[in-house]
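J.: input-v5.csv (CSV, C-alpha atoms) pasted underneath:
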chain,number,residue,atom,x,y,z
A,1,MET,CA,61.2,127.8,218.9
A,2,GLY,CA,58.9,128.7,221.8
A,3,ILE,CA,56.5,131.6,222.1
A,4,ASP,CA,54.7,133.0,225.1
A,5,PRO,CA,51.8,135.1,223.6
A,6,GLY,CA,50.9,138.5,224.9
A,7,LEU,CA,50.0,142.0,223.7
A,8,ALA,CA,52.4,144.1,225.7
A,9,THR,CA,55.2,141.5,225.8
A,10,ILE,CA,55.7,138.4,223.6
A,11,GLY,CA,58.4,136.1,224.8
A,12,TYR,CA,60.4,134.0,222.3
A,13,GLY,CA,63.1,131.4,222.7
A,14,PHE,CA,65.2,129.3,220.3
A,15,ILE,CA,66.8,126.1,221.3
A,16,THR,CA,68.7,123.4,219.5
A,17,TYR,CA,69.5,119.8,220.4
A,18,GLU,CA,72.6,117.8,219.7
A,19,LYS,CA,73.7,116.0,222.8
A,20,GLN,CA,71.6,118.1,225.1
A,21,PRO,CA,69.3,121.1,224.7
A,22,LYS,CA,71.1,124.4,224.1
A,23,LEU,CA,69.7,128.0,224.1
A,24,ILE,CA,70.4,129.8,220.9
A,25,SER,CA,68.6,133.1,221.5
A,26,CYS,CA,65.7,134.5,223.5
A,27,GLY,CA,64.0,137.8,224.1
A,28,CYS,CA,60.8,139.7,224.0
A,29,ILE,CA,58.8,141.7,221.4
A,30,GLU,CA,57.4,144.6,223.3
A,31,THR,CA,54.5,146.9,222.2
A,32,PRO,CA,54.1,150.3,224.0
A,33,ALA,CA,50.8,150.5,226.0
A,34,LYS,CA,49.8,153.9,224.6
A,35,THR,CA,50.2,152.7,221.0
A,36,GLU,CA,47.0,152.2,219.0
A,37,PHE,CA,45.8,148.5,219.3
A,38,LYS,CA,46.0,147.8,215.5
A,39,GLU,CA,49.5,149.2,215.5
A,40,ARG,CA,50.5,146.9,218.4
A,41,LEU,CA,49.3,143.9,216.4
A,42,ASN,CA,51.3,145.2,213.4
A,43,ILE,CA,54.5,145.5,215.5
A,44,ILE,CA,54.1,141.9,216.7
A,45,TYR,CA,53.5,140.6,213.2
A,46,HIS,CA,56.5,142.4,211.6
A,47,GLU,CA,59.0,141.8,214.5
A,48,LEU,CA,58.0,138.1,214.7
A,49,ASN,CA,58.5,137.7,210.9
A,50,GLN,CA,62.0,139.3,211.2
A,51,ILE,CA,62.9,136.9,214.1
A,52,ILE,CA,61.6,133.9,212.1
A,53,LYS,CA,63.6,134.8,209.0
A,54,LYS,CA,66.7,135.2,211.2
A,55,TYR,CA,66.5,131.9,213.1
A,56,LYS,CA,64.4,129.7,210.7
A,57,PRO,CA,62.8,127.4,213.3
A,58,ASP,CA,61.8,123.9,212.3
A,59,PHE,CA,58.7,123.9,214.6
A,60,VAL,CA,57.3,126.1,217.3
A,61,GLY,CA,55.6,125.5,220.7
A,62,VAL,CA,53.0,128.1,221.6
A,63,GLU,CA,51.5,128.5,225.0
A,64,LYS,CA,47.7,128.3,225.0
A,65,LEU,CA,45.9,131.1,226.7
A,66,TYR,CA,43.9,130.8,229.9
A,67,PHE,CA,42.1,133.6,231.7
A,68,CYS,CA,39.7,133.6,234.5
A,69,LYS,CA,39.1,137.2,235.3
A,70,ASN,CA,39.6,140.0,232.8
A,71,ILE,CA,37.7,139.3,229.5
A,72,LYS,CA,39.0,142.4,227.7
A,73,THR,CA,42.6,141.3,228.4
A,74,ALA,CA,41.8,137.8,227.2
A,75,MET,CA,40.3,139.2,224.0
A,76,ASP,CA,43.3,141.5,223.3
A,77,VAL,CA,45.8,138.8,224.0
A,78,GLY,CA,43.7,136.4,221.8
A,79,HIS,CA,44.0,138.9,218.9
A,80,ALA,CA,47.8,139.1,219.4
A,81,ARG,CA,47.9,135.3,219.5
A,82,GLY,CA,46.0,135.2,216.2
A,83,VAL,CA,48.6,137.4,214.7
A,84,ILE,CA,51.4,135.2,216.0
A,85,ILE,CA,49.7,132.1,214.6
A,86,LEU,CA,49.2,133.9,211.2
A,87,ALA,CA,52.9,134.8,211.0
A,88,LEU,CA,54.0,131.3,211.9
A,89,SER,CA,51.5,129.8,209.4
A,90,GLN,CA,52.6,132.1,206.6
A,91,ASN,CA,56.2,131.0,207.2
A,92,LYS,CA,55.0,127.3,207.0
A,93,ILE,CA,56.3,126.5,210.5
A,94,PRO,CA,54.5,123.6,212.2
A,95,ILE,CA,52.8,124.8,215.3
A,96,TYR,CA,52.2,122.8,218.5
A,97,GLU,CA,50.1,124.3,221.3
A,98,PHE,CA,50.5,123.5,225.0
A,99,THR,CA,48.6,124.5,228.0
A,100,PRO,CA,50.5,126.1,230.9
A,101,LEU,CA,49.8,122.9,232.9
A,102,GLN,CA,51.4,120.8,230.1
A,103,ILE,CA,54.4,123.0,230.0
A,104,LYS,CA,54.9,123.1,233.8
A,105,ARG,CA,54.7,119.3,233.9
A,106,ALA,CA,57.2,118.9,231.1
A,107,ILE,CA,59.7,121.2,232.7
A,108,THR,CA,59.2,120.6,236.5
A,109,SER,CA,57.1,117.4,236.6
A,110,TYR,CA,54.7,119.5,238.7
A,111,GLY,CA,51.7,121.1,237.2
A,112,LYS,CA,51.4,123.9,239.8
A,113,ALA,CA,55.1,125.1,239.6
A,114,ASP,CA,55.5,128.8,240.2
A,115,LYS,CA,57.5,131.2,238.0
A,116,ASN,CA,60.6,130.9,240.1
A,117,GLN,CA,60.6,127.1,239.9
A,118,MET,CA,60.1,127.3,236.1
A,119,LYS,CA,63.0,129.7,235.7
A,120,GLU,CA,65.3,127.6,237.9
A,121,MET,CA,64.5,124.5,235.9
A,122,VAL,CA,65.1,126.3,232.6
A,123,LYS,CA,68.5,127.3,234.0
A,124,ILE,CA,69.3,123.7,235.0
A,125,ILE,CA,68.1,122.0,231.8
A,126,LEU,CA,70.0,124.4,229.6
A,127,LYS,CA,73.0,124.8,231.9
A,128,LEU,CA,72.7,128.6,232.0
A,129,LYS,CA,74.7,130.7,234.3
A,130,GLN,CA,71.6,132.6,235.5
A,131,VAL,CA,67.9,132.3,235.2
A,132,PRO,CA,66.1,134.2,232.4
A,133,LYS,CA,65.3,137.7,233.7
A,134,LYS,CA,61.9,138.1,232.2
A,135,ASP,CA,59.0,135.7,232.9
A,136,ASP,CA,57.8,135.9,229.3
A,137,THR,CA,61.2,134.8,228.0
A,138,ALA,CA,61.4,131.9,230.5
A,139,ASP,CA,57.9,130.9,229.5
A,140,ALA,CA,58.8,130.9,225.8
A,141,ILE,CA,61.9,128.8,226.4
A,142,SER,CA,59.8,126.4,228.5
A,143,ALA,CA,57.3,126.1,225.5
A,144,ALA,CA,60.2,125.4,223.2
A,145,LEU,CA,61.6,122.7,225.5
A,146,THR,CA,58.1,121.2,225.9
A,147,CYS,CA,57.7,121.1,222.1
A,148,MET,CA,61.1,119.4,221.7
A,149,TYR,CA,60.2,116.8,224.3
A,150,ASN,CA,56.9,116.1,222.7
A,151,MET,CA,58.4,115.9,219.2
A,152,ASN,CA,60.9,113.3,220.5
A,153,HIS,CA,63.8,115.4,219.5
A,154,ILE,CA,65.9,114.3,222.4
Take the structure in this file and express it as structure tokens.
T.:
Amino acid sequence: MGIDPGLATIGYGFITYEKQPKLISCGCIETPAKTEFKERLNIIYHELNQIIKKYKPDFVGVEKLYFCKNIKTAMDVGHARGVIILALSQNKIPIYEFTPLQIKRAITSYGKADKNQMKEMVKIILKLKQVPKKDDTADAISAALTCMYNMNHI
């Protein structure tokens, strides 16, 4: 499993590996902007728990945060990330964290790859008919693939 943390949108992706990586499921948990902050965290926690129970991941790759400009956004996303880590920990799922640079290098071999390059490589690696529509979903799938590569599951 891979997770792209956020407050408004949390991307997730599940892959499996037999002879090659295969996408099982992906999507986003979304929290409405006008919803009270603590309720948004509650939505993330409960929806993620439902997803975990449905797909039962063996391990998860989570993208580490990096922010340069908006400290409030960084703190809010940090809280959401804490809720994500809590849900994973309570379900006893091993967590591996990767920086955006590590993920970009694992997927494209280029640490400064843009979103379109990342999406295209996810499409190629997983032999998808089209690129993932949402950046958050593509980021989560990329985190899952990075985790799989680093766990030597290929």
J.: Between CA of Gly27 (chain A) and CA of Ile141 (chain A), what distance in Å does the model show, to one decimal?
T.: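 Distance between the two atoms: 9.5 Å.
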J.: Just give me the gap between CA of Cys147 (chain A) and CA of His79 (chain A) in Å, one decimal is fine.
T.: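 Going from CA of Cys147 (chain A) over to CA of His79 (chain A) covers 22.7 Å.
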J.: Suppose you want the space between CA of Pro21 (chain A) and CA of Ile44 (chain A); what is it in Å?
T.: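 Result for CA of Pro21 (chain A) versus CA of Ile44 (chain A): 27.0 Å, one decimal.
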J.: Within 8 Å of (57.0, 131.8, 222.6), all atoms listed in the file: residues as a PyMOL selection string?
T.: chain A and resi 1-5+10-13+60-63+136-137+139-141+143-144
J.: Quick one: of A:Lys129, A:Lys53, A:Lys64, A:Arg105, who's nearest to Gln90 (chain A), counting all atoms listed in the file?
T.: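 Selected residue with least distance to Gln90 (chain A): A:Lys53.
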J.: Kindly indicate which residue among A:Phe37, A:Tyr110, A:Phe14, A:Tyr45 lies nearest to Ile85 (chain A), using all atoms listed in the file for the distances.
T.: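 The shortest atom-to-atom distance to Ile85 (chain A) comes from A:Tyr45.
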J.: Select all residues near (65.0, 129.6, 210.5) (cut-off 12 Å, inclusive, file coordinates), counting all atoms listed in the file, and output them as a list in words.
T.: Met1, Phe14, Ile15, Thr16, Ile24, Leu48, Asn49, Gln50, Ile51, Ile52, Lys53, Lys54, Tyr55, Lys56, Pro57, Asp58, Phe59, Val60, Leu88, Asn91, Lys92 and Ile93 of chain A
J.: Ranking A:Gln20, A:Asn70, A:Asn152, A:Thr9 by minimum distance to Ala33 (chain A) and counting all atoms listed in the file, which one comes first?
T.: A:Thr9
J.: Neighbouring residues of Met121 (chain A) were defined as those with any atom within 7 Å, considering all atoms listed in the file; residues of the same chain fewer than 3 positions away were excluded. Please report them as a PDB file with C-alpha atoms, keeping the file's coordinate frame.
T.:
ATOM      1  CA  ILE A 107      59.700 121.200 232.700  1.00  0.00           C
ATOM      2  CA  THR A 108      59.200 120.600 236.500  1.00  0.00           C
ATOM      3  CA  GLN A 117      60.600 127.100 239.900  1.00  0.00           C
ATOM      4  CA  MET A 118      60.100 127.300 236.100  1.00  0.00           C
ATOM      5  CA  ILE A 124      69.300 123.700 235.000  1.00  0.00           C
ATOM      6  CA  ILE A 125      68.100 122.000 231.800  1.00  0.00           C
TER       7      ILE A 125
END
J.: I want to know what sits within 7 Å of Thr31 (chain A), based on all atoms listed in the file, with residues of the same chain fewer than 2 positions away left out; could you give that as a list in words?
T.: Leu7, Ala8, Thr9, Ile29, Ala33, Arg40 and Ile43 of chain A
J.: Pick out the closest residue to Lys123 (chain A) from this set: A:Met151, A:Asp76, A:Thr99, A:Leu145. Count all atoms listed in the file.
T.: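 Using all atoms listed in the file, the shortest distance to Lys123 (chain A) belongs to A:Leu145.
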J.: Determine the nearest neighbour of Pro132 (chain A) from the options A:Thr146, A:Lys115, A:Glu39, A:Ala80, counting only C-alpha atoms.
T.: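 Answer, going by the shortest atom-to-atom distance: A:Lys115.
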